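K.L.:
Input structure: final18.pdb, which contains PDB, C-alpha atoms.
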ATOM      1  CA  MET A  81     -31.109-218.085-158.356
ATOM      2  CA  ALA A  82     -29.351-215.437-156.321
ATOM      3  CA  PRO A  83     -31.491-212.824-154.613
ATOM      4  CA  ALA A  84     -31.501-209.411-156.252
ATOM      5  CA  SER A  85     -29.301-206.882-154.548
ATOM      6  CA  PRO A  86     -31.113-203.933-152.984
ATOM      7  CA  ARG A  87     -31.273-200.886-155.174
ATOM      8  CA  ARG A  88     -29.006-198.053-154.110
ATOM      9  CA  ASP A  89     -30.550-194.670-153.581
ATOM     10  CA  ASP A  90     -29.115-192.132-156.045
ATOM     11  CA  ARG A  91     -29.144-189.406-153.408
ATOM     12  CA  THR A  92     -26.635-191.259-151.233
ATOM     13  CA  ARG A  93     -23.947-191.001-153.915
ATOM     14  CA  ARG A  94     -24.124-187.227-154.315
ATOM     15  CA  SER A  95     -21.894-185.272-152.020
ATOM     16  CA  ALA A  96     -23.555-181.882-152.600
ATOM     17  CA  PRO A  97     -26.227-180.401-154.837
ATOM     18  CA  SER A  98     -24.826-179.613-158.227
ATOM     19  CA  GLY A  99     -26.172-176.101-158.528
ATOM     20  CA  MET A 100     -28.870-173.595-157.779
ATOM     21  CA  VAL A 101     -31.171-171.141-159.508
ATOM     22  CA  LEU A 102     -32.096-167.748-158.027
ATOM     23  CA  ARG A 103     -34.534-165.111-159.299
ATOM     24  CA  ASN A 104     -34.742-161.446-158.461
ATOM     25  CA  GLU A 105     -37.764-160.000-156.622
ATOM     26  CA  THR A 106     -39.516-158.795-159.775
ATOM     27  CA  GLN A 107     -39.015-162.183-161.510
ATOM     28  CA  THR A 108     -37.337-160.589-164.549
ATOM     29  CA  HIS A 109     -33.903-162.228-164.302
ATOM     30  CA  GLU A 110     -32.559-165.628-163.327
ATOM     31  CA  VAL A 111     -29.111-166.368-161.897
ATOM     32  CA  GLU A 112     -27.942-169.970-162.176
ATOM     33  CA  VAL A 113     -24.947-171.657-160.555
ATOM     34  CA  ALA A 114     -24.008-174.900-162.315
ATOM     35  CA  LYS A 115     -21.016-177.144-162.842
ATOM     36  CA  ALA A 116     -19.584-176.620-166.346
ATOM     37  CA  LEU A 117     -16.193-177.385-167.878
ATOM     38  CA  ASN A 118     -14.837-178.635-164.517
ATOM     39  CA  GLN A 119     -15.599-175.228-163.003
ATOM     40  CA  TRP A 120     -18.614-173.511-161.483
ATOM     41  CA  ALA A 121     -20.457-171.248-163.924
ATOM     42  CA  VAL A 122     -22.638-168.301-162.893
ATOM     43  CA  THR A 123     -25.074-167.348-165.657
ATOM     44  CA  VAL A 124     -27.449-164.368-165.585
ATOM     45  CA  THR A 125     -30.414-164.694-167.966
ATOM     46  CA  ALA A 126     -33.239-162.269-168.794
ATOM     47  CA  LEU A 127     -36.481-164.236-168.510
ATOM     48  CA  ALA A 128     -38.430-162.125-171.011
ATOM     49  CA  ASP A 129     -36.401-163.165-174.049
ATOM     50  CA  LYS A 130     -34.121-165.889-172.577
ATOM     51  CA  ARG A 131     -31.094-163.715-173.403
ATOM     52  CA  MET A 132     -27.878-164.450-171.520
ATOM     53  CA  ILE A 133     -26.687-161.234-169.868
ATOM     54  CA  CYS A 134     -23.352-162.500-168.547
ATOM     55  CA  GLN A 135     -21.488-165.636-167.543
ATOM     56  CA  ASP A 136     -18.553-166.044-165.187
ATOM     57  CA  PHE A 137     -16.529-169.102-164.111
ATOM     58  CA  PHE A 138     -15.048-169.960-160.702
ATOM     59  CA  ALA A 139     -12.892-172.787-159.374
ATOM     60  CA  ARG A 140     -14.798-173.070-156.086
ATOM     61  CA  ARG A 141     -18.542-173.404-155.565
ATOM     62  CA  TRP A 142     -18.674-170.950-152.665
ATOM     63  CA  GLU A 143     -17.151-168.223-154.869
ATOM     64  CA  ALA A 144     -19.776-168.854-157.549
ATOM     65  CA  VAL A 145     -22.621-168.770-155.006
ATOM     66  CA  ALA A 146     -21.285-165.512-153.543
ATOM     67  CA  ARG A 147     -21.142-163.930-157.023
ATOM     68  CA  ALA A 148     -24.680-165.148-157.779
ATOM     69  CA  GLU A 149     -25.927-163.516-154.571
ATOM     70  CA  ASP A 150     -24.128-160.298-155.584
ATOM     71  CA  PHE A 151     -25.929-160.339-158.940
ATOM     72  CA  ILE A 152     -29.280-160.835-157.200
ATOM     73  CA  ARG A 153     -28.568-157.864-154.904
ATOM     74  CA  LEU A 154     -27.747-155.702-157.932
ATOM     75  CA  LEU A 155     -30.867-156.833-159.811
ATOM     76  CA  ASN A 156     -33.073-156.086-156.790
ATOM     77  CA  ARG A 157     -31.911-152.458-156.551
ATOM     78  CA  THR A 158     -34.556-149.861-157.291
ATOM     79  CA  GLU A 159     -31.988-147.350-158.536
ATOM     80  CA  PRO A 160     -29.118-148.162-160.882
ATOM     81  CA  PRO A 161     -25.639-148.544-159.392
ATOM     82  CA  PRO A 162     -23.325-145.524-159.637
ATOM     83  CA  GLY A 163     -21.771-145.163-163.065
ATOM     84  CA  TRP A 164     -24.585-146.857-165.030
TER
END
Taking this structure as input, can you express it in the form of structure tokens?

P.N.:
Amino acid sequence: MAPASPRRDDRTRRSAPSGMVLRNETQTHEVEVAKALNQWAVTVTALADKRMICQDFFARRWEAVARAEDFIRLLNRTEPPPGW
């Protein structure tokens, strides 16, 4: 009988984490960056009723992460942005 080959660690095959989840300071909204449809999706969800507020798609991960951070900054504001 041939010896069993050593088991490969799943983490060694991944080049980068697939996504991330951010929450605003008051824990009312969640912003998720995930790979979807061969693009990076940014999804903003209200935690109270699990309602999707908006979703946007980007070709590059860094653009999606930057937009997610923008959403978090807007959600953390104590006063509404101009024009709201």

K.L.:
To one decimal in Å, tell me the separation between atom CA of A:Leu117 and atom CA of A:Arg131.

P.N.:
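So the answer is 21.0 Å.
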
K.L.:
Find the residues around A:Phe137 up to 8 Å (only C-alpha atoms counted), leave out those fewer than 5 positions away in its own chain, and share them as a ChimeraX atom specification.

P.N.:
/A:119-122,144

K.L.:
Please give the centre and size of the box around stretch 121-140 of chain A (axis-aligned, containing every atom listed in the file, 8 Å added per side), with values in Å to one decimal and written as AutoDock Vina command-line options.

P.N.:
--center_x -25.7 --center_y -167.2 --center_z -165.1 --size_x 41.5 --size_y 27.8 --size_z 34.0

K.L.:
For this file, the PyMOL selection byres ((chain A and resi 98-105) around 7) selects which residues, as a PyMOL selection string?

P.N.:
chain A and resi 96-97+106-115+152+155-156

K.L.:
Name the closest residue to A:Asn118 among the candidates A:Gln135, A:Pro160, A:Lys130, A:Arg140; distances are taken between atoms, counting all atoms listed in the file.

P.N.:
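Using all atoms listed in the file, A:Asn118 sits closest to A:Arg140.
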
K.L.:
Please measure the separation of atom CA of A:Val124 and atom CA of A:Val145, giving the value in Å to one decimal.

P.N.:
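Rounded to one decimal, the two atoms are 12.4 Å apart.
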
K.L.:
Could you jot down the atom CA of A:Gly163 to atom CA of A:Phe138 separation for me, Å, one decimal place?

P.N.:
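A separation of 25.8 Å between them.
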
K.L.:
Could you pull stretch 125-153 of chain A out of the structure I just pasted and write it to a file containing N, CA and C atoms, as a compact mmCIF listing (two decimals), in the first residue's frame?

P.N.:
# COMPACT_ATOMS: atom_id res chain seq x y z
N THR A 125 -27.08 46.73 3.87
CA THR A 125 -28.27 46.09 4.42
C THR A 125 -28.62 46.73 5.76
N ALA A 126 -29.92 47.00 5.97
CA ALA A 126 -30.40 47.45 7.28
C ALA A 126 -30.55 46.22 8.16
N LEU A 127 -29.95 46.22 9.33
CA LEU A 127 -29.97 45.05 10.19
C LEU A 127 -31.32 44.83 10.87
N ALA A 128 -32.09 45.88 11.07
CA ALA A 128 -33.37 45.75 11.77
C ALA A 128 -34.33 44.84 11.04
N ASP A 129 -34.46 45.02 9.72
CA ASP A 129 -35.42 44.23 8.96
C ASP A 129 -34.78 43.46 7.80
N LYS A 130 -33.43 43.40 7.78
CA LYS A 130 -32.68 42.69 6.74
C LYS A 130 -33.02 43.18 5.33
N ARG A 131 -33.37 44.45 5.21
CA ARG A 131 -33.72 45.06 3.93
C ARG A 131 -32.46 45.54 3.23
N MET A 132 -32.32 45.22 1.94
CA MET A 132 -31.18 45.68 1.18
C MET A 132 -31.42 47.13 0.76
N ILE A 133 -30.53 48.02 1.16
CA ILE A 133 -30.64 49.44 0.86
C ILE A 133 -30.13 49.72 -0.55
N CYS A 134 -28.94 49.23 -0.87
CA CYS A 134 -28.40 49.42 -2.21
C CYS A 134 -27.34 48.36 -2.49
N GLN A 135 -27.04 48.21 -3.77
CA GLN A 135 -26.01 47.26 -4.20
C GLN A 135 -25.32 47.85 -5.42
N ASP A 136 -24.00 47.73 -5.44
CA ASP A 136 -23.21 48.28 -6.53
C ASP A 136 -22.14 47.27 -6.90
N PHE A 137 -21.73 47.23 -8.17
CA PHE A 137 -20.76 46.25 -8.64
C PHE A 137 -19.52 46.96 -9.19
N PHE A 138 -18.35 46.34 -8.95
CA PHE A 138 -17.07 46.90 -9.39
C PHE A 138 -16.21 45.80 -9.97
N ALA A 139 -15.35 46.17 -10.91
CA ALA A 139 -14.45 45.20 -11.54
C ALA A 139 -13.27 44.86 -10.63
N ARG A 140 -12.84 45.82 -9.82
CA ARG A 140 -11.67 45.62 -8.97
C ARG A 140 -12.06 45.64 -7.49
N ARG A 141 -11.39 44.80 -6.71
CA ARG A 141 -11.71 44.69 -5.29
C ARG A 141 -11.43 45.99 -4.55
N TRP A 142 -10.33 46.66 -4.88
CA TRP A 142 -9.98 47.87 -4.14
C TRP A 142 -11.04 48.96 -4.34
N GLU A 143 -11.67 49.00 -5.53
CA GLU A 143 -12.74 49.98 -5.75
C GLU A 143 -13.96 49.65 -4.89
N ALA A 144 -14.27 48.37 -4.76
CA ALA A 144 -15.40 47.96 -3.94
C ALA A 144 -15.14 48.25 -2.47
N VAL A 145 -13.93 48.00 -2.00
CA VAL A 145 -13.59 48.27 -0.60
C VAL A 145 -13.65 49.77 -0.33
N ALA A 146 -13.17 50.58 -1.26
CA ALA A 146 -13.22 52.03 -1.09
C ALA A 146 -14.67 52.52 -1.01
N ARG A 147 -15.55 51.97 -1.86
CA ARG A 147 -16.96 52.37 -1.83
C ARG A 147 -17.61 51.92 -0.52
N ALA A 148 -17.26 50.74 -0.04
CA ALA A 148 -17.81 50.25 1.23
C ALA A 148 -17.40 51.17 2.38
N GLU A 149 -16.15 51.62 2.37
CA GLU A 149 -15.69 52.55 3.41
C GLU A 149 -16.41 53.89 3.29
N ASP A 150 -16.71 54.33 2.08
CA ASP A 150 -17.49 55.56 1.88
C ASP A 150 -18.88 55.41 2.49
N PHE A 151 -19.53 54.27 2.25
CA PHE A 151 -20.85 54.03 2.82
C PHE A 151 -20.81 54.05 4.35
N ILE A 152 -19.78 53.45 4.93
CA ILE A 152 -19.65 53.44 6.39
C ILE A 152 -19.49 54.85 6.91
N ARG A 153 -18.68 55.68 6.23
CA ARG A 153 -18.52 57.08 6.65
C ARG A 153 -19.85 57.82 6.60
